[in-house]
>>> print(open('data-v9.cif').read())   # mmCIF, C-alpha atoms and all ligand atoms
data_model
loop_
_atom_site.label_atom_id
_atom_site.label_comp_id
_atom_site.auth_asym_id
_atom_site.auth_seq_id
_atom_site.Cartn_x
_atom_site.Cartn_y
_atom_site.Cartn_z
CA MET A 258 -0.62 -51.45 1.24
CA LYS A 259 1.79 -48.96 2.86
CA LYS A 260 2.37 -47.36 -0.55
CA PHE A 261 -1.36 -47.18 -1.17
CA LEU A 262 -1.92 -45.47 2.21
CA SER A 263 0.77 -42.87 1.59
CA ILE A 264 -0.64 -42.07 -1.86
CA PHE A 265 -4.08 -41.79 -0.25
CA ALA A 266 -2.65 -39.44 2.43
CA LEU A 267 -0.97 -37.35 -0.28
CA ILE A 268 -4.25 -37.01 -2.19
CA LEU A 269 -6.02 -35.94 0.99
CA THR A 270 -3.32 -33.34 1.74
CA VAL A 271 -3.35 -31.88 -1.77
CA PHE A 272 -7.14 -31.81 -1.80
CA GLY A 273 -7.18 -30.22 1.66
CA LEU A 274 -4.67 -27.51 0.71
CA ASN A 275 -6.56 -26.80 -2.49
CA ASN A 276 -9.80 -26.44 -0.55
CA GLN A 277 -8.08 -24.16 1.94
CA ALA A 278 -6.74 -21.94 -0.87
CA GLN A 279 -10.19 -21.79 -2.48
CA ALA A 280 -11.78 -20.89 0.86
CA GLU A 281 -9.18 -18.15 1.40
CA GLU A 282 -9.84 -16.81 -2.09
CA LYS A 283 -13.58 -16.78 -1.45
CA ASN A 284 -13.00 -15.07 1.88
CA MET A 285 -10.94 -12.32 0.24
CA ALA A 286 -13.54 -11.81 -2.50
CA ASN A 287 -16.27 -11.30 0.09
CA THR A 288 -14.39 -8.86 2.28
CA LYS A 289 -15.08 -5.13 2.50
CA LYS A 290 -12.02 -3.37 1.15
CA LEU A 291 -10.52 0.09 1.40
CA VAL A 292 -7.50 1.67 -0.27
CA VAL A 293 -5.91 4.44 1.82
CA TYR A 294 -3.04 6.26 0.18
CA PHE A 295 -0.87 9.35 0.14
CA SER A 296 0.54 10.66 -3.11
CA LYS A 297 2.18 13.85 -4.28
CA THR A 298 1.84 15.75 -7.55
CA GLY A 299 4.34 18.39 -8.70
CA GLU A 300 7.98 17.60 -9.38
CA GLN A 301 8.95 14.01 -8.61
CA TYR A 302 12.19 12.08 -9.00
CA SER A 303 12.81 10.79 -12.54
CA VAL A 304 9.32 11.70 -13.86
CA GLY A 305 9.40 15.51 -13.91
CA ASN A 306 6.23 17.46 -13.17
CA ILE A 307 3.28 15.15 -12.70
CA SER A 308 -0.41 15.94 -12.37
CA GLU A 309 -1.31 12.53 -10.90
CA GLY A 310 0.94 11.04 -8.22
CA ASN A 311 2.66 7.68 -8.78
CA THR A 312 1.08 6.05 -5.73
CA ALA A 313 -2.34 7.41 -6.72
CA ILE A 314 -2.06 5.58 -10.05
CA VAL A 315 -1.36 2.26 -8.31
CA ALA A 316 -4.06 2.93 -5.68
CA LYS A 317 -6.67 3.42 -8.42
CA MET A 318 -5.60 0.20 -10.17
CA ILE A 319 -6.08 -1.73 -6.92
CA ALA A 320 -9.49 -0.15 -6.29
CA ALA A 321 -10.65 -0.81 -9.85
CA GLN A 322 -9.64 -4.45 -9.68
CA THR A 323 -10.94 -5.28 -6.21
CA GLY A 324 -13.93 -2.96 -5.92
CA ALA A 325 -12.33 -1.29 -2.88
CA ASP A 326 -13.31 2.20 -1.77
CA LEU A 327 -10.61 4.87 -2.08
CA PHE A 328 -9.44 7.43 0.46
CA GLU A 329 -6.61 9.86 -0.21
CA VAL A 330 -4.77 11.19 2.82
CA LYS A 331 -4.30 14.91 2.17
CA LEU A 332 -2.92 17.63 4.36
CA LYS A 333 -5.42 20.07 5.81
CA LYS A 334 -3.00 22.84 4.89
CA ASP A 335 -0.77 21.63 2.11
CA THR A 336 2.38 23.66 2.49
CA TYR A 337 4.66 21.13 0.78
CA PRO A 338 6.87 22.68 -1.90
CA ALA A 339 6.21 21.60 -5.48
CA ALA A 340 9.96 21.38 -6.20
CA TYR A 341 11.43 17.93 -5.52
CA LYS A 342 14.60 18.91 -3.68
CA ALA A 343 12.84 21.36 -1.39
CA LEU A 344 10.20 18.71 -0.66
CA THR A 345 12.82 16.14 0.33
CA GLU A 346 14.25 18.60 2.86
CA VAL A 347 10.86 19.39 4.42
CA ALA A 348 10.00 15.68 4.54
CA LEU A 349 13.29 14.83 6.24
CA SER A 350 12.82 17.48 8.88
CA GLU A 351 9.25 16.24 9.52
CA LYS A 352 10.54 12.69 9.86
CA LYS A 353 13.26 13.78 12.29
CA SER A 354 10.83 15.74 14.45
CA GLY A 355 8.13 13.03 14.29
CA ALA A 356 5.63 15.57 12.93
CA ARG A 357 1.94 14.66 12.71
CA PRO A 358 0.50 17.03 10.09
CA GLU A 359 -3.23 17.55 10.33
CA ILE A 360 -5.15 15.80 7.57
CA ALA A 361 -8.28 16.79 5.69
CA GLY A 362 -11.44 14.73 6.16
CA ASP A 363 -11.74 11.10 7.17
CA VAL A 364 -12.94 7.73 5.93
CA ALA A 365 -16.62 7.13 6.60
CA ASN A 366 -17.24 3.95 8.62
CA PHE A 367 -13.63 2.81 8.89
CA ALA A 368 -14.76 0.10 11.32
CA ASP A 369 -16.68 -1.68 8.54
CA TYR A 370 -13.60 -2.59 6.49
CA ASP A 371 -11.97 -6.03 6.70
CA VAL A 372 -9.00 -5.36 4.43
CA VAL A 373 -7.14 -2.08 4.07
CA PHE A 374 -4.61 -1.54 1.28
CA VAL A 375 -2.22 1.07 2.67
CA GLY A 376 -0.35 2.88 -0.09
CA THR A 377 2.52 5.30 0.26
CA PRO A 378 5.51 6.74 -1.53
CA ASN A 379 8.79 5.74 0.05
CA TRP A 380 9.99 8.94 1.70
CA TRP A 381 13.41 8.50 3.28
CA ALA A 382 12.67 4.77 3.81
CA ASP A 383 9.53 5.77 5.68
CA LEU A 384 5.95 6.91 5.11
CA PRO A 385 5.06 10.60 4.88
CA MET A 386 4.24 11.71 8.42
CA ALA A 387 0.61 12.39 7.45
CA MET A 388 0.14 8.63 7.05
CA TYR A 389 1.01 8.25 10.74
CA THR A 390 -1.60 10.88 11.58
CA PHE A 391 -4.13 8.73 9.75
CA MET A 392 -2.99 5.37 11.11
CA GLU A 393 -2.86 6.54 14.72
CA ALA A 394 -6.37 7.99 14.50
CA HIS A 395 -8.00 4.61 13.76
CA ASP A 396 -8.66 1.27 15.37
CA TRP A 397 -7.14 -1.47 13.23
CA ASN A 398 -8.10 -4.38 15.44
CA GLY A 399 -9.10 -7.43 13.37
CA LYS A 400 -8.17 -5.86 10.03
CA LYS A 401 -5.82 -7.24 7.41
CA VAL A 402 -3.41 -4.71 5.91
CA ALA A 403 -1.87 -5.06 2.44
CA PRO A 404 0.90 -2.45 2.06
CA PHE A 405 2.00 -1.04 -1.29
CA VAL A 406 4.80 1.41 -1.97
CA THR A 407 6.09 3.40 -4.91
CA HIS A 408 9.77 4.26 -4.78
CA GLU A 409 12.83 4.96 -6.91
CA GLY A 410 15.16 2.24 -5.71
CA SER A 411 14.57 1.54 -2.02
CA GLY A 412 11.52 -0.71 -2.50
CA LEU A 413 9.35 -1.50 0.49
CA ALA A 414 12.27 -0.94 2.90
CA SER A 415 10.87 -1.47 6.41
CA ILE A 416 7.63 0.35 5.64
CA PRO A 417 5.44 -2.75 6.24
CA ASN A 418 7.07 -3.17 9.68
CA LYS A 419 6.41 0.47 10.48
CA ILE A 420 2.75 0.08 9.50
CA GLN A 421 2.50 -3.07 11.60
CA THR A 422 4.04 -1.36 14.62
CA VAL A 423 1.50 1.45 14.49
CA THR A 424 -1.62 -0.54 13.57
CA ASN A 425 -0.87 -3.93 15.12
CA ALA A 426 -2.90 -5.33 12.20
CA GLU A 427 -2.33 -8.65 10.44
CA MET A 428 0.01 -7.85 7.57
CA LEU A 429 -0.30 -9.38 4.09
CA SER A 430 2.69 -9.39 1.77
CA GLY A 431 3.50 -6.03 0.22
CA LEU A 432 3.95 -4.66 -3.30
CA ALA A 433 6.71 -2.29 -4.41
CA VAL A 434 6.44 -0.51 -7.77
CA TYR A 435 8.92 1.99 -9.21
CA GLY A 436 7.30 5.42 -9.38
CA HIS A 437 8.43 5.98 -12.97
CA ILE A 438 6.95 2.61 -13.99
CA ALA A 439 3.58 3.52 -12.44
CA GLN A 440 3.74 6.92 -14.15
CA ASN A 441 5.09 6.00 -17.59
CA SER A 442 4.61 2.24 -18.13
CA ARG A 443 1.07 1.63 -16.96
CA ASP A 444 0.72 -1.82 -18.53
CA GLU A 445 3.79 -3.03 -16.66
CA ALA A 446 2.51 -1.54 -13.39
CA GLN A 447 -0.92 -3.07 -13.97
CA LYS A 448 0.66 -6.52 -14.49
CA ALA A 449 2.54 -6.23 -11.19
CA VAL A 450 -0.62 -5.12 -9.40
CA SER A 451 -2.71 -7.96 -10.86
CA ALA A 452 -0.09 -10.61 -10.03
CA TRP A 453 0.14 -9.34 -6.45
CA LEU A 454 -3.64 -9.25 -5.98
CA GLN A 455 -3.91 -12.74 -7.35
CA GLN A 456 -1.19 -13.96 -4.99
CA LEU A 457 -3.13 -12.46 -2.08
CA GLY A 458 -6.30 -14.21 -3.22
CA PHE A 459 -8.25 -11.23 -4.59
C1 LIG B 1 10.53 13.48 0.20
C2 LIG B 1 10.90 12.33 -0.70
C3 LIG B 1 11.75 11.35 -0.24
C4 LIG B 1 12.04 10.24 -1.04
N1 LIG B 1 12.85 9.26 -0.54
C5 LIG B 1 13.06 8.14 -1.29
C6 LIG B 1 13.82 7.07 -0.76
O1 LIG B 1 14.37 7.14 0.35
N2 LIG B 1 13.97 5.96 -1.54
C7 LIG B 1 13.39 5.85 -2.76
O2 LIG B 1 13.53 4.82 -3.40
N3 LIG B 1 12.65 6.85 -3.28
C8 LIG B 1 12.47 7.99 -2.58
N4 LIG B 1 11.71 9.01 -3.09
C9 LIG B 1 11.07 8.84 -4.41
C10 LIG B 1 9.58 8.48 -4.25
O3 LIG B 1 9.41 7.38 -3.39
C11 LIG B 1 8.93 8.14 -5.59
O4 LIG B 1 9.15 9.16 -6.52
C12 LIG B 1 7.44 7.88 -5.45
O5 LIG B 1 6.98 7.16 -6.56
C13 LIG B 1 6.63 9.16 -5.31
O6 LIG B 1 5.27 8.79 -5.22
P1 LIG B 1 4.07 9.83 -5.32
O7 LIG B 1 4.10 10.46 -6.71
O8 LIG B 1 2.85 8.98 -5.16
O9 LIG B 1 4.21 10.81 -4.23
C14 LIG B 1 11.46 10.14 -2.34
C15 LIG B 1 10.65 11.17 -2.81
C16 LIG B 1 10.36 12.25 -2.01
C17 LIG B 1 9.47 13.34 -2.54
#
>>> encode(input="data-v9.cif", output="structure tokens")
Amino acid sequence: MKKFLSIFALILTVFGLNNQAQAEEKNMANTKKLVVYFSKTGEQYSVGNISEGNTAIVAKMIAAQTGADLFEVKLKKDTYPAAYKALTEVALSEKKSGARPEIAGDVANFADYDVVFVGTPNWWADLPMAMYTFMEAHDWNGKKVAPFVTHEGSGLASIPNKIQTVTNAEMLSGLAVYGHIAQNSRDEAQKAVSAWLQQLGF
């Protein structure tokens, strides 16, 4: 009898968890989604001169798969050098001074979104300062944030924590993709994106 009851309890638990996962999946499918990203063309580490940024490639994959809207964070006056080394120096000095470069345009009806995919290149283990300009300008209350990062070795670093600190949003687990994989091995990048989205319930 005891054995029967524990098997019965186990069935109930498994069934309950399964139902919960299905409900979560359904919830994610019905949410209003936005992809906000920063990405840089020009000379980039290990890929040479690129006409579409590495993070932009991943951002578009996420939007295509989830039906999310896309918003690219761009500088109002883009004075960033096209040459990689010069860019790293400007970016480091902006990070050190806590710069908040002005950005061009804004997302229409930001308040309507339930889930925001926040995408960024890893710049000195941080986000480009323009992403802070964007994040600080919006109310993230009640939103879920799924961070994704392209990088050349440092991965997500503490970028998700930084996003959480600024937005105070509920964070979902993040995705890190090598920039050169996004740029030159699209099938591999797409597989990583799809596996991550599936894991999150999209
Ligand atoms: C200013 C700057 C700083 C960078 N710092 C790092 C870093 O600290 N760690 C790392 O793994 N990659 C670093 N990278 C490489 C980028 O994260 C990588 O090339 C990324 O895919 C660029 O994305 P994008 O083309 O969307 O801008 C840096 C690149 C730049 C331009």
>>> residues_near_ligand(input="data-v9.cif", ligand="ligand LIG 1 (chain B)", cutoff="8 Å", atoms="only C-alpha atoms and all ligand atoms", output="ChimeraX atom specification")
/A:295-298,301-304,307,309-314,341-342,344-349,377-383,385,406-412,434-437,439
>>> residues_near_point(input="data-v9.cif", point="(-9.7, -8.8, 8.7)", cutoff="10 Å", atoms="all atoms listed in the file", output="short mmCIF file (atom, residue, chain, number, x, y, z; two decimals) with C-alpha atoms, in the frame of the given file")
data_model
loop_
_atom_site.label_atom_id
_atom_site.label_comp_id
_atom_site.auth_asym_id
_atom_site.auth_seq_id
_atom_site.Cartn_x
_atom_site.Cartn_y
_atom_site.Cartn_z
CA ASN A 284 -13.00 -15.07 1.88
CA MET A 285 -10.94 -12.32 0.24
CA THR A 288 -14.39 -8.86 2.28
CA LYS A 289 -15.08 -5.13 2.50
CA LYS A 290 -12.02 -3.37 1.15
CA ASP A 369 -16.68 -1.68 8.54
CA TYR A 370 -13.60 -2.59 6.49
CA ASP A 371 -11.97 -6.03 6.70
CA VAL A 372 -9.00 -5.36 4.43
CA VAL A 373 -7.14 -2.08 4.07
CA TRP A 397 -7.14 -1.47 13.23
CA ASN A 398 -8.10 -4.38 15.44
CA GLY A 399 -9.10 -7.43 13.37
CA LYS A 400 -8.17 -5.86 10.03
CA LYS A 401 -5.82 -7.24 7.41
CA VAL A 402 -3.41 -4.71 5.91
CA ALA A 426 -2.90 -5.33 12.20
CA GLU A 427 -2.33 -8.65 10.44
CA MET A 428 0.01 -7.85 7.57
#
>>> closest_residue(input="data-v9.cif", among="A:Thr424, A:Asp396, A:Gly376, A:Leu413", to="A:Met318", atoms="all atoms listed in the file")
A:Gly376
>>> atom_distance(input="data-v9.cif", atom1="atom CA of A:Trp453", atom2="atom CA of A:Asn418")
18.6 Å
>>> closest_residue(input="data-v9.cif", among="A:Leu432, A:Val423, A:Leu327, A:Ala286", to="A:Ala446", atoms="all atoms listed in the file")
A:Leu432
>>> residues_near_point(input="data-v9.cif", point="(4.3, -5.5, 2.4)", cutoff="8 Å", atoms="only C-alpha atoms", output="compact mmCIF listing (two decimals) with C-alpha atoms, in the coordinates of the input")
# COMPACT_ATOMS: atom_id res chain seq x y z
CA ALA A 403 -1.87 -5.06 2.44
CA PRO A 404 0.90 -2.45 2.06
CA PHE A 405 2.00 -1.04 -1.29
CA LEU A 413 9.35 -1.50 0.49
CA ILE A 416 7.63 0.35 5.64
CA PRO A 417 5.44 -2.75 6.24
CA MET A 428 0.01 -7.85 7.57
CA LEU A 429 -0.30 -9.38 4.09
CA SER A 430 2.69 -9.39 1.77
CA GLY A 431 3.50 -6.03 0.22
CA LEU A 432 3.95 -4.66 -3.30
CA ALA A 433 6.71 -2.29 -4.41
>>> residues_around(input="data-v9.cif", residues="stretch 361-367 of chain A", least_positions_apart="5", cutoff="6 Å", atoms="all atoms listed in the file", output="VMD selection string")
chain A and resid 331 to 333
>>> atom_distance(input="data-v9.cif", atom1="atom CA of A:Ala325", atom2="atom CA of A:Val292")
6.2 Å
>>> residues_around(input="data-v9.cif", residues="A:Ala387", least_positions_apart="4", cutoff="10 Å", atoms="only C-alpha atoms", output="list in words")
Phe295, Val330, Lys331, Leu332, Lys333, Glu351, Ala356, Arg357, Pro358, Glu359, Ile360, Phe391, Met392 and Glu393 of chain A
>>> atom_distance(input="data-v9.cif", atom1="atom CA of A:Glu300", atom2="atom CA of A:Ser451")
27.7 Å
>>> closest_residue(input="data-v9.cif", among="A:Asp335, A:Ala340, A:Phe374, A:Arg443", to="A:Leu291", atoms="all atoms listed in the file")
A:Phe374
>>> closest_residue(input="data-v9.cif", among="A:Ala339, A:Val315, A:Val293, A:Ala414", to="A:Gln440", atoms="only C-alpha atoms")
A:Val315
